[in-house]
file final30.cif (mmCIF, C-alpha atoms)
data_query
loop_
_atom_site.label_atom_id
_atom_site.label_comp_id
_atom_site.auth_asym_id
_atom_site.auth_seq_id
_atom_site.Cartn_x
_atom_site.Cartn_y
_atom_site.Cartn_z
CA MET A 1 -15.17 10.98 5.66
CA ARG A 2 -15.16 13.77 3.08
CA MET A 3 -11.88 14.97 4.49
CA LEU A 4 -10.13 11.83 3.23
CA ARG A 5 -8.10 12.34 0.11
CA ARG A 6 -8.49 10.19 -2.96
CA TYR A 7 -5.15 8.57 -2.33
CA ALA A 8 -5.54 8.22 1.41
CA LEU A 9 -3.80 5.28 2.99
CA VAL A 10 -6.49 2.93 4.22
CA LEU A 11 -5.76 0.01 6.50
CA SER A 12 -8.31 -2.76 6.44
CA VAL A 13 -8.11 -5.45 9.11
CA TYR A 14 -10.20 -8.58 9.29
CA LEU A 15 -9.96 -10.62 12.46
CA ASN A 16 -10.55 -14.35 12.50
CA THR A 17 -10.00 -17.31 14.78
CA ARG A 18 -6.45 -17.83 13.57
CA GLY A 19 -5.25 -14.25 13.77
CA PHE A 20 -5.90 -11.52 11.24
CA ALA A 21 -5.50 -10.45 7.66
CA PHE A 22 -4.66 -6.90 6.67
CA ILE A 23 -4.39 -4.81 3.53
CA VAL A 24 -2.98 -1.32 3.21
CA PHE A 25 -4.65 0.39 0.27
CA GLU A 26 -3.32 3.48 -1.38
CA GLY A 27 -6.43 4.49 -3.20
CA HIS A 28 -9.14 2.38 -4.74
CA LEU A 29 -7.95 -1.04 -6.00
CA SER A 30 -4.30 -0.24 -5.27
CA PRO A 31 -2.99 -2.42 -2.46
CA PHE A 32 0.40 -1.33 -1.17
CA ASP A 33 0.97 -4.05 1.40
CA TRP A 34 -0.98 -7.03 2.62
CA GLY A 35 -0.56 -10.09 4.76
CA ILE A 36 -2.09 -12.90 6.76
CA ARG A 37 -0.83 -13.22 10.32
CA GLU A 38 -1.54 -16.31 12.37
CA THR A 39 -1.05 -16.42 16.09
CA ARG A 40 -1.21 -19.28 18.55
CA GLY A 41 -1.18 -19.56 22.30
CA PRO A 42 -3.17 -18.16 25.17
CA LYS A 43 -2.30 -14.49 24.54
CA LYS A 44 -3.68 -14.37 21.01
CA ASN A 45 -5.26 -10.94 21.36
CA ASN A 46 -2.13 -9.39 22.80
CA THR A 47 0.04 -10.79 20.03
CA CYS A 48 -2.42 -9.65 17.37
CA LEU A 49 -2.61 -6.17 18.87
CA ILE A 50 1.18 -5.86 18.99
CA ARG A 51 1.42 -6.89 15.34
CA ILE A 52 -1.34 -4.52 14.26
CA THR A 53 0.32 -1.70 16.24
CA LYS A 54 3.49 -2.35 14.22
CA ILE A 55 1.49 -1.96 11.00
CA PHE A 56 0.07 1.32 12.34
CA ASP A 57 3.61 2.49 13.16
CA ARG A 58 4.96 1.54 9.76
CA TYR A 59 2.25 3.04 7.59
CA ALA A 60 0.45 5.66 9.72
CA PRO A 61 -2.82 5.05 7.86
CA ASP A 62 -5.40 7.78 7.29
CA ALA A 63 -8.32 5.45 8.04
CA LEU A 64 -8.95 2.09 9.62
CA VAL A 65 -11.61 -0.22 8.23
CA ILE A 66 -12.80 -3.14 10.35
CA GLN A 67 -15.81 -5.38 10.75
CA ASP A 68 -18.66 -4.00 12.79
CA THR A 69 -18.91 -6.39 15.73
CA SER A 70 -21.17 -4.19 17.83
CA ASP A 71 -24.63 -5.37 18.92
CA SER A 72 -26.15 -3.97 15.74
CA GLY A 73 -23.38 -5.43 13.59
CA THR A 74 -22.04 -8.93 13.07
CA GLU A 75 -22.06 -11.42 15.89
CA ARG A 76 -18.52 -12.66 16.51
CA ALA A 77 -16.75 -14.51 19.32
CA PRO A 78 -16.16 -12.45 22.50
CA ARG A 79 -12.38 -12.62 21.93
CA ILE A 80 -12.72 -11.08 18.48
CA ARG A 81 -15.15 -8.44 19.76
CA ASN A 82 -12.64 -7.51 22.46
CA LEU A 83 -9.80 -7.30 19.99
CA ASN A 84 -11.94 -5.20 17.67
CA SER A 85 -12.67 -2.70 20.45
CA SER A 86 -8.96 -2.59 21.31
CA LEU A 87 -8.29 -1.75 17.66
CA VAL A 88 -10.83 1.05 17.77
CA LYS A 89 -9.18 2.42 20.93
CA LEU A 90 -5.74 2.21 19.32
CA ALA A 91 -6.93 4.06 16.21
CA ARG A 92 -8.77 6.76 18.20
CA HIS A 93 -5.71 7.25 20.39
CA ARG A 94 -3.77 8.05 17.22
CA GLY A 95 -6.53 10.19 15.75
CA ILE A 96 -7.28 7.76 12.95
CA PRO A 97 -10.95 7.59 11.90
CA VAL A 98 -12.50 4.13 12.12
CA PHE A 99 -15.07 2.76 9.72
CA ALA A 100 -16.87 -0.48 10.53
CA TYR A 101 -19.11 -2.52 8.29
CA SER A 102 -21.15 -5.56 9.18
CA ARG A 103 -21.18 -8.81 7.24
CA ASP A 104 -24.69 -7.96 5.96
CA ARG A 105 -23.51 -4.56 4.76
CA VAL A 106 -20.66 -6.19 2.81
CA ARG A 107 -23.02 -8.80 1.38
CA ARG A 108 -25.47 -6.09 0.28
CA ALA A 109 -22.68 -4.07 -1.33
CA PHE A 110 -21.67 -6.98 -3.56
CA GLU A 111 -25.16 -8.35 -4.19
CA SER A 112 -25.48 -6.48 -7.47
CA TYR A 113 -22.30 -8.16 -8.74
CA GLY A 114 -23.87 -11.58 -8.33
CA CYS A 115 -21.79 -12.81 -5.42
CA PRO A 116 -23.88 -15.22 -3.36
CA ASN A 117 -20.96 -16.54 -1.31
CA LYS A 118 -17.46 -15.69 -0.15
CA GLU A 119 -15.88 -17.84 -2.82
CA SER A 120 -17.41 -15.86 -5.67
CA LEU A 121 -16.62 -12.64 -3.83
CA ALA A 122 -12.96 -13.69 -3.63
CA GLU A 123 -12.95 -14.37 -7.37
CA LEU A 124 -14.54 -11.00 -8.10
CA ILE A 125 -11.99 -9.18 -5.95
CA ALA A 126 -9.12 -11.09 -7.58
CA LYS A 127 -10.45 -10.08 -10.99
CA HIS A 128 -10.31 -6.41 -10.03
CA ILE A 129 -7.11 -6.57 -7.99
CA PRO A 130 -4.66 -8.78 -9.92
CA ALA A 131 -2.22 -8.84 -6.99
CA PHE A 132 -4.67 -11.09 -5.15
CA GLU A 133 -5.21 -13.59 -7.97
CA GLN A 134 -2.62 -15.93 -6.47
CA TYR A 135 -4.45 -16.02 -3.14
CA VAL A 136 -7.85 -17.25 -4.35
CA PRO A 137 -8.37 -20.48 -2.42
CA PRO A 138 -9.59 -23.68 -4.09
CA PRO A 139 -13.32 -24.41 -3.83
CA ARG A 140 -14.23 -25.34 -0.29
CA ARG A 141 -15.67 -28.80 0.32
CA LEU A 142 -18.14 -29.64 3.05
CA TRP A 143 -15.51 -31.30 5.20
CA MET A 144 -12.95 -28.52 4.81
CA SER A 145 -12.48 -25.62 7.19
CA GLU A 146 -12.16 -22.14 5.73
CA ASP A 147 -8.91 -21.48 3.95
CA ARG A 148 -6.57 -19.08 5.73
CA ARG A 149 -6.29 -16.97 2.58
CA MET A 150 -9.99 -16.12 2.71
CA GLY A 151 -9.21 -13.58 5.47
CA LEU A 152 -7.38 -11.48 2.91
CA PHE A 153 -10.51 -11.27 0.75
CA ASP A 154 -12.64 -10.45 3.79
CA ALA A 155 -10.28 -7.54 4.52
CA ALA A 156 -10.37 -6.50 0.85
CA ALA A 157 -14.19 -6.63 0.80
CA LEU A 158 -14.37 -4.35 3.85
CA ALA A 159 -12.01 -1.86 2.21
CA LEU A 160 -13.94 -1.93 -1.05
CA VAL A 161 -17.19 -1.20 0.80
CA PHE A 162 -15.40 1.74 2.40
CA PHE A 163 -14.22 3.04 -0.99
CA GLN A 164 -17.71 2.52 -2.43
CA THR A 165 -19.21 4.57 0.40
CA LEU A 166 -16.54 7.24 -0.05
CA THR A 167 -17.25 7.50 -3.79
CA SER A 168 -21.00 7.70 -3.30
CA GLN A 169 -20.59 10.55 -0.80
CA MET A 170 -18.33 12.65 -3.06
CA MET B 1 0.66 10.48 -10.72
CA HIS B 2 0.51 10.59 -6.95
CA HIS B 3 3.18 8.86 -4.86
CA ARG B 4 2.94 8.64 -1.13
CA HIS B 5 5.67 6.09 -0.60
CA GLN B 6 9.37 6.30 -1.33
CA SER B 7 9.54 2.96 -3.09
CA TYR B 8 6.96 0.73 -4.76
CA LEU B 9 9.28 -2.21 -5.23
CA ARG B 10 7.64 -4.35 -2.54
CA PRO B 11 4.04 -4.23 -3.88
CA HIS B 12 5.25 -4.86 -7.43
CA ARG B 13 7.40 -7.79 -6.35
CA ARG B 14 4.57 -9.31 -4.32
CA ARG B 15 2.04 -8.68 -7.09
CA TRP B 16 3.91 -11.29 -9.14
CA GLY B 17 4.49 -13.59 -6.19
CA LEU B 18 8.26 -13.15 -6.30
CA THR B 19 10.28 -13.73 -3.15
CA GLN B 20 13.06 -11.35 -2.17
CA GLN B 21 15.53 -14.15 -2.96
CA GLU B 22 14.11 -14.58 -6.46
CA LEU B 23 14.18 -10.85 -7.16
CA ALA B 24 17.75 -10.70 -5.85
CA PHE B 25 18.63 -13.46 -8.32
CA LEU B 26 16.96 -11.59 -11.20
CA ILE B 27 18.81 -8.40 -10.32
CA GLY B 28 22.04 -10.30 -9.97
CA VAL B 29 22.82 -9.71 -6.32
CA LYS B 30 23.89 -12.47 -3.98
CA SER B 31 21.39 -12.30 -1.14
CA ARG B 32 17.86 -11.19 -0.46
CA THR B 33 19.18 -8.81 2.21
CA ALA B 34 19.91 -6.23 -0.49
CA ILE B 35 16.26 -6.35 -1.61
CA SER B 36 15.04 -6.17 1.96
CA ARG B 37 17.18 -3.08 2.54
CA ILE B 38 15.98 -1.38 -0.64
CA GLU B 39 12.36 -2.14 0.23
CA GLY B 40 12.86 -0.98 3.81
CA LEU B 41 14.47 2.25 2.56
CA LYS B 42 17.67 1.42 4.41
CA ARG B 43 19.65 1.47 1.20
CA LYS B 44 19.28 3.22 -2.15
CA PRO B 45 19.19 0.92 -5.16
CA SER B 46 22.33 0.93 -7.27
CA LEU B 47 22.02 2.24 -10.81
CA ASN B 48 22.12 -1.35 -12.10
CA ALA B 49 19.48 -2.54 -9.65
CA ALA B 50 17.17 0.41 -10.39
CA LEU B 51 17.45 -0.07 -14.16
CA ILE B 52 16.96 -3.83 -13.94
CA CYS B 53 13.89 -3.36 -11.71
CA THR B 54 12.32 -0.96 -14.22
CA MET B 55 12.94 -3.56 -16.93
CA ILE B 56 11.65 -6.49 -14.86
CA PHE B 57 8.39 -4.80 -13.91
CA ASP B 58 8.13 -2.68 -17.05
CA ILE B 59 7.47 0.42 -14.96
CA PRO B 60 9.26 3.78 -15.21
CA ALA B 61 11.74 4.55 -12.45
CA LEU B 62 9.58 7.47 -11.35
CA GLU B 63 6.77 5.09 -10.45
CA LEU B 64 8.99 2.44 -8.91
CA PHE B 65 11.29 4.70 -6.89
CA PRO B 66 9.50 8.06 -6.58
CA GLY B 67 11.35 8.93 -3.38
CA LEU B 68 14.75 8.45 -4.93
CA LEU B 69 13.80 10.42 -8.04
CA SER B 70 12.40 13.22 -5.93
CA GLU B 71 15.64 13.32 -3.92
CA LEU B 72 17.68 13.47 -7.13
CA ARG B 73 15.50 16.28 -8.43
CA GLN B 74 16.05 18.32 -5.30
CA ALA B 75 19.79 17.75 -5.58
CA ILE B 76 19.82 18.78 -9.25
CA LEU B 77 17.80 21.91 -8.50
CA ALA B 78 20.11 22.92 -5.66
CA ARG B 79 23.23 22.43 -7.77
CA ALA B 80 21.73 24.11 -10.83
CA ASN B 81 20.79 27.10 -8.68
CA GLU B 82 24.31 27.26 -7.29
CA LEU B 83 25.87 27.13 -10.75
CA TYR B 84 23.36 29.73 -11.99
CA ASP B 85 24.41 32.09 -9.19
CA ASP B 86 28.10 31.50 -9.92
CA LEU B 87 27.61 32.37 -13.58
CA GLN B 88 25.87 35.63 -12.83
CA GLY B 89 27.92 38.64 -13.82
CA ASP B 90 29.78 36.76 -16.54
CA SER B 91 28.83 38.49 -19.79
CA SER B 92 30.48 36.03 -22.16
CA LYS B 93 28.48 34.27 -24.86
CA ALA B 94 29.24 30.88 -23.33
CA ALA B 95 27.95 31.98 -19.93
CA ARG B 96 24.72 33.27 -21.48
CA LEU B 97 24.24 29.93 -23.23
CA LYS B 98 24.78 28.09 -19.94
CA LEU B 99 22.38 30.40 -18.09
CA ASP B 100 19.69 29.76 -20.70
CA PHE B 101 20.25 26.03 -20.39
CA LEU B 102 20.11 26.15 -16.58
CA GLU B 103 16.87 28.16 -16.66
CA GLN B 104 15.34 25.54 -18.95
CA LEU B 105 16.68 22.75 -16.78
CA MET B 106 15.21 24.20 -13.58
CA GLU B 107 11.88 24.83 -15.26
CA ARG B 108 11.81 21.26 -16.58
CA VAL B 109 12.75 19.71 -13.24
CA ASN B 110 10.19 21.84 -11.39
CA ALA B 111 7.46 20.96 -13.87
CA LYS B 112 8.17 17.23 -13.57
CA HIS B 113 8.23 17.49 -9.79
CA SER B 114 4.79 19.11 -9.63
CA ALA B 115 3.39 16.65 -12.20
CA SER B 116 4.57 13.68 -10.17
CA THR B 117 2.93 14.81 -6.93
CA ILE B 118 -0.51 15.78 -8.21
#
call {"tool": "encode", "arguments": {"input": "final30.cif", "output": "structure tokens"}}
result
Amino acid sequence: MRMLRRYALVLSVYLNTRGFAFIVFEGHLSPFDWGIRETRGPKKNNTCLIRITKIFDRYAPDALVIQDTSDSGTERAPRIRNLNSSLVKLARHRGIPVFAYSRDRVRRAFESYGCPNKESLAELIAKHIPAFEQYVPPPRRLWMSEDRRMGLFDAAALALVFFQTLTSQM
Amino acid sequence: MHHRHQSYLRPHRRRWGLTQQELAFLIGVKSRTAISRIEGLKRKPSLNAALICTMIFDIPALELFPGLLSELRQAILARANELYDDLQGDSSKAARLKLDFLEQLMERVNAKHSASTI
């Protein structure tokens, strides 16, 4: 990790039931590109993998940050776990280091900022990264499913944990 | 200032939620294709477009189009070197003045180039 430069290009990918959200960071708090990709149909994982491969091709990131879905990490659906391992394989094949953080690790990292839930975390991230202000979803009601834009903040949170870890190790 | 990418137009446009069509309108070009090509590095921005973009986002051209500026610097350096070589051997006062200017120019361009990539 110490080999990574301050302005390394970091790709953060958060997988969810609808598809995935990604952010390409060029240094701490500087997003270069971001997006939410939704996929439908039976070959969801394949489509997602093709789209993520295109992002890899376009940006050639220096590091990949994903959610830790291993046994010791966050429990996710088998499809997402499979896609996550495919991502790890893809990154290793290209010699890109992979960093994975569990949901608990992310929660712990933002605990000191007073973020009890994802909503407040999204607001905190938007405050620090103005480019994401427009994506903060409205407050979620009990009968509402999670807003698609929340994936972007999940990806941002993973990347920020990565940068936090990087800073603390320097 | 460190720049890894050739153009930072896309992140700045998206930071303000502008579509390519809207930015094209602000720049004064007909279609969003021009913006797409500039962002995708398939086309260099025209002088008008580059200047308007720096005004729209209030960012110096060096930060918005570092790749283009770097390319221009290389071209200036190459041409200045060529002219410098051509003027060698000319002992006139005018030639000496030009040589001094070219030395300053190359020093300036080199200094700015190293400052922009740190």
call {"tool": "closest_atom_pairs", "arguments": {"input": "final30.cif", "of": "chain B", "to": "chain A", "cutoff": "10 Å", "atoms": "all atoms listed in the file", "output": "CSV"}}
result
residue,atom,partner,partner_atom,distance
B:His2,CA,A:Tyr7,CA,7.6
B:His3,CA,A:Tyr7,CA,8.7
B:Arg4,CA,A:Glu26,CA,8.1
B:His5,CA,A:Phe32,CA,9.1
B:Tyr8,CA,A:Phe32,CA,7.8
B:Leu9,CA,A:Phe32,CA,9.8
B:Arg10,CA,A:Asp33,CA,7.8
B:Pro11,CA,A:Phe32,CA,5.4
B:His12,CA,A:Ala131,CA,8.5
B:Arg13,CA,A:Ala131,CA,9.7
B:Arg14,CA,A:Ala131,CA,7.3
B:Arg15,CA,A:Ala131,CA,4.3
B:Trp16,CA,A:Ala131,CA,6.9
B:Gly17,CA,A:Gln134,CA,7.5
call {"tool": "atom_distance", "arguments": {"input": "final30.cif", "atom1": "CA of Leu83 (chain A)", "atom2": "CA of Asp68 (chain A)"}}
result
11.9 Å
call {"tool": "resolve_selection", "arguments": {"input": "final30.cif", "expression": "the PyMOL selection byres ((chain A and resi 161-168) around 7)", "output": "list in words"}}
result
Met1, His28, Val106, Ala109, Ala157, Leu158, Ala159, Leu160, Gln169 and Met170 of chain A
call {"tool": "write_last_selection", "arguments": {"input": "final30.cif", "atoms": "C-alpha atoms", "output": "mmCIF file, keeping the file's coordinate frame"}}
result
data_model
loop_
_atom_site.group_PDB
_atom_site.id
_atom_site.type_symbol
_atom_site.label_atom_id
_atom_site.label_comp_id
_atom_site.auth_asym_id
_atom_site.auth_seq_id
_atom_site.Cartn_x
_atom_site.Cartn_y
_atom_site.Cartn_z
ATOM 1 C CA MET A 1 -15.170 10.980 5.660
ATOM 2 C CA HIS A 28 -9.140 2.380 -4.740
ATOM 3 C CA VAL A 106 -20.660 -6.190 2.810
ATOM 4 C CA ALA A 109 -22.680 -4.070 -1.330
ATOM 5 C CA ALA A 157 -14.190 -6.630 0.800
ATOM 6 C CA LEU A 158 -14.370 -4.350 3.850
ATOM 7 C CA ALA A 159 -12.010 -1.860 2.210
ATOM 8 C CA LEU A 160 -13.940 -1.930 -1.050
ATOM 9 C CA GLN A 169 -20.590 10.550 -0.800
ATOM 10 C CA MET A 170 -18.330 12.650 -3.060
#
call {"tool": "closest_residue", "arguments": {"input": "final30.cif", "among": "B:Ser36, B:Gln20, B:Gln88, B:Gln6", "to": "Ala61 (chain B)", "atoms": "only C-alpha atoms"}}
result
B:Gln6
call {"tool": "resolve_selection", "arguments": {"input": "final30.cif", "expression": "the PyMOL selection byres ((chain B and resi 32) around 9)", "output": "list of chain:residue names"}}
result
B:Thr19, B:Gln20, B:Gln21, B:Glu22, B:Leu23, B:Ala24, B:Phe25, B:Val29, B:Lys30, B:Ser31, B:Thr33, B:Ala34, B:Ile35, B:Ser36, B:Arg37
call {"tool": "closest_residue", "arguments": {"input": "final30.cif", "among": "B:Ile38, B:Leu64, B:Ile52, B:Leu47", "to": "Leu26 (chain B)", "atoms": "only C-alpha atoms"}}
result
B:Ile52
call {"tool": "build_atoms", "arguments": {"input": "final30.cif", "residues": "region 39-70 of chain A", "atoms": "N, CA and C atoms", "output": "PDB file, in the coordinates of the input"}}
result
ATOM      1  N   THR A  39      -1.632 -16.405  14.747  1.00  0.00           N
ATOM      2  CA  THR A  39      -1.050 -16.420  16.090  1.00  0.00           C
ATOM      3  C   THR A  39      -1.600 -17.622  16.850  1.00  0.00           C
ATOM      4  N   ARG A  40      -0.789 -18.150  17.714  1.00  0.00           N
ATOM      5  CA  ARG A  40      -1.210 -19.280  18.550  1.00  0.00           C
ATOM      6  C   ARG A  40      -0.896 -18.960  20.004  1.00  0.00           C
ATOM      7  N   GLY A  41      -1.479 -19.739  20.872  1.00  0.00           N
ATOM      8  CA  GLY A  41      -1.180 -19.560  22.300  1.00  0.00           C
ATOM      9  C   GLY A  41      -2.275 -18.831  23.032  1.00  0.00           C
ATOM     10  N   PRO A  42      -2.112 -18.741  24.348  1.00  0.00           N
ATOM     11  CA  PRO A  42      -3.170 -18.160  25.170  1.00  0.00           C
ATOM     12  C   PRO A  42      -3.319 -16.638  25.018  1.00  0.00           C
ATOM     13  N   LYS A  43      -2.228 -15.970  24.630  1.00  0.00           N
ATOM     14  CA  LYS A  43      -2.300 -14.490  24.540  1.00  0.00           C
ATOM     15  C   LYS A  43      -2.478 -14.041  23.083  1.00  0.00           C
ATOM     16  N   LYS A  44      -3.452 -14.648  22.428  1.00  0.00           N
ATOM     17  CA  LYS A  44      -3.680 -14.370  21.010  1.00  0.00           C
ATOM     18  C   LYS A  44      -3.976 -12.886  20.760  1.00  0.00           C
ATOM     19  N   ASN A  45      -4.867 -12.333  21.569  1.00  0.00           N
ATOM     20  CA  ASN A  45      -5.260 -10.940  21.360  1.00  0.00           C
ATOM     21  C   ASN A  45      -4.097  -9.981  21.533  1.00  0.00           C
ATOM     22  N   ASN A  46      -3.287 -10.256  22.552  1.00  0.00           N
ATOM     23  CA  ASN A  46      -2.130  -9.390  22.800  1.00  0.00           C
ATOM     24  C   ASN A  46      -1.178  -9.418  21.623  1.00  0.00           C
ATOM     25  N   THR A  47      -0.891 -10.643  21.161  1.00  0.00           N
ATOM     26  CA  THR A  47       0.040 -10.790  20.030  1.00  0.00           C
ATOM     27  C   THR A  47      -0.514 -10.091  18.796  1.00  0.00           C
ATOM     28  N   CYS A  48      -1.799 -10.287  18.542  1.00  0.00           N
ATOM     29  CA  CYS A  48      -2.420  -9.650  17.370  1.00  0.00           C
ATOM     30  C   CYS A  48      -2.318  -8.133  17.492  1.00  0.00           C
ATOM     31  N   LEU A  49      -2.624  -7.626  18.670  1.00  0.00           N
ATOM     32  CA  LEU A  49      -2.610  -6.170  18.870  1.00  0.00           C
ATOM     33  C   LEU A  49      -1.212  -5.593  18.681  1.00  0.00           C
ATOM     34  N   ILE A  50      -0.212  -6.324  19.161  1.00  0.00           N
ATOM     35  CA  ILE A  50       1.180  -5.860  18.990  1.00  0.00           C
ATOM     36  C   ILE A  50       1.518  -5.800  17.497  1.00  0.00           C
ATOM     37  N   ARG A  51       1.100  -6.844  16.784  1.00  0.00           N
ATOM     38  CA  ARG A  51       1.420  -6.890  15.340  1.00  0.00           C
ATOM     39  C   ARG A  51       0.676  -5.801  14.574  1.00  0.00           C
ATOM     40  N   ILE A  52      -0.572  -5.562  14.959  1.00  0.00           N
ATOM     41  CA  ILE A  52      -1.340  -4.520  14.260  1.00  0.00           C
ATOM     42  C   ILE A  52      -0.761  -3.135  14.604  1.00  0.00           C
ATOM     43  N   THR A  53      -0.309  -2.975  15.841  1.00  0.00           N
ATOM     44  CA  THR A  53       0.320  -1.700  16.240  1.00  0.00           C
ATOM     45  C   THR A  53       1.546  -1.430  15.365  1.00  0.00           C
ATOM     46  N   LYS A  54       2.303  -2.503  15.070  1.00  0.00           N
ATOM     47  CA  LYS A  54       3.490  -2.350  14.220  1.00  0.00           C
ATOM     48  C   LYS A  54       3.093  -1.863  12.822  1.00  0.00           C
ATOM     49  N   ILE A  55       1.970  -2.381  12.331  1.00  0.00           N
ATOM     50  CA  ILE A  55       1.490  -1.960  11.000  1.00  0.00           C
ATOM     51  C   ILE A  55       1.087  -0.475  11.055  1.00  0.00           C
ATOM     52  N   PHE A  56       0.445  -0.089  12.141  1.00  0.00           N
ATOM     53  CA  PHE A  56       0.070   1.320  12.340  1.00  0.00           C
ATOM     54  C   PHE A  56       1.326   2.194  12.332  1.00  0.00           C
ATOM     55  N   ASP A  57       2.358   1.720  13.064  1.00  0.00           N
ATOM     56  CA  ASP A  57       3.610   2.490  13.160  1.00  0.00           C
ATOM     57  C   ASP A  57       4.263   2.638  11.796  1.00  0.00           C
ATOM     58  N   ARG A  58       4.259   1.543  11.035  1.00  0.00           N
ATOM     59  CA  ARG A  58       4.960   1.540   9.760  1.00  0.00           C
ATOM     60  C   ARG A  58       4.276   2.426   8.722  1.00  0.00           C
ATOM     61  N   TYR A  59       2.939   2.361   8.681  1.00  0.00           N
ATOM     62  CA  TYR A  59       2.250   3.040   7.590  1.00  0.00           C
ATOM     63  C   TYR A  59       1.500   4.315   7.984  1.00  0.00           C
ATOM     64  N   ALA A  60       1.244   4.502   9.255  1.00  0.00           N
ATOM     65  CA  ALA A  60       0.450   5.660   9.720  1.00  0.00           C
ATOM     66  C   ALA A  60      -0.762   5.874   8.813  1.00  0.00           C
ATOM     67  N   PRO A  61      -1.693   4.939   8.801  1.00  0.00           N
ATOM     68  CA  PRO A  61      -2.820   5.050   7.860  1.00  0.00           C
ATOM     69  C   PRO A  61      -3.727   6.242   8.162  1.00  0.00           C
ATOM     70  N   ASP A  62      -4.466   6.658   7.132  1.00  0.00           N
ATOM     71  CA  ASP A  62      -5.400   7.780   7.290  1.00  0.00           C
ATOM     72  C   ASP A  62      -6.753   7.296   7.783  1.00  0.00           C
ATOM     73  N   ALA A  63      -7.036   6.008   7.595  1.00  0.00           N
ATOM     74  CA  ALA A  63      -8.320   5.450   8.040  1.00  0.00           C
ATOM     75  C   ALA A  63      -8.164   3.965   8.339  1.00  0.00           C
ATOM     76  N   LEU A  64      -8.957   3.516   9.282  1.00  0.00           N
ATOM     77  CA  LEU A  64      -8.950   2.090   9.620  1.00  0.00           C
ATOM     78  C   LEU A  64     -10.335   1.532   9.282  1.00  0.00           C
ATOM     79  N   VAL A  65     -10.345   0.427   8.569  1.00  0.00           N
ATOM     80  CA  VAL A  65     -11.610  -0.220   8.230  1.00  0.00           C
ATOM     81  C   VAL A  65     -11.639  -1.599   8.882  1.00  0.00           C
ATOM     82  N   ILE A  66     -12.688  -1.844   9.665  1.00  0.00           N
ATOM     83  CA  ILE A  66     -12.800  -3.140  10.350  1.00  0.00           C
ATOM     84  C   ILE A  66     -14.236  -3.657  10.228  1.00  0.00           C
ATOM     85  N   GLN A  67     -14.447  -4.837  10.755  1.00  0.00           N
ATOM     86  CA  GLN A  67     -15.810  -5.380  10.750  1.00  0.00           C
ATOM     87  C   GLN A  67     -16.561  -4.791  11.939  1.00  0.00           C
ATOM     88  N   ASP A  68     -17.824  -4.530  11.716  1.00  0.00           N
ATOM     89  CA  ASP A  68     -18.660  -4.000  12.790  1.00  0.00           C
ATOM     90  C   ASP A  68     -19.110  -5.165  13.658  1.00  0.00           C
ATOM     91  N   THR A  69     -18.548  -5.270  14.844  1.00  0.00           N
ATOM     92  CA  THR A  69     -18.910  -6.390  15.730  1.00  0.00           C
ATOM     93  C   THR A  69     -19.751  -5.905  16.915  1.00  0.00           C
ATOM     94  N   SER A  70     -20.314  -4.709  16.755  1.00  0.00           N
ATOM     95  CA  SER A  70     -21.170  -4.190  17.830  1.00  0.00           C
ATOM     96  C   SER A  70     -22.484  -4.985  17.855  1.00  0.00           C
TER      97      SER A  70
END
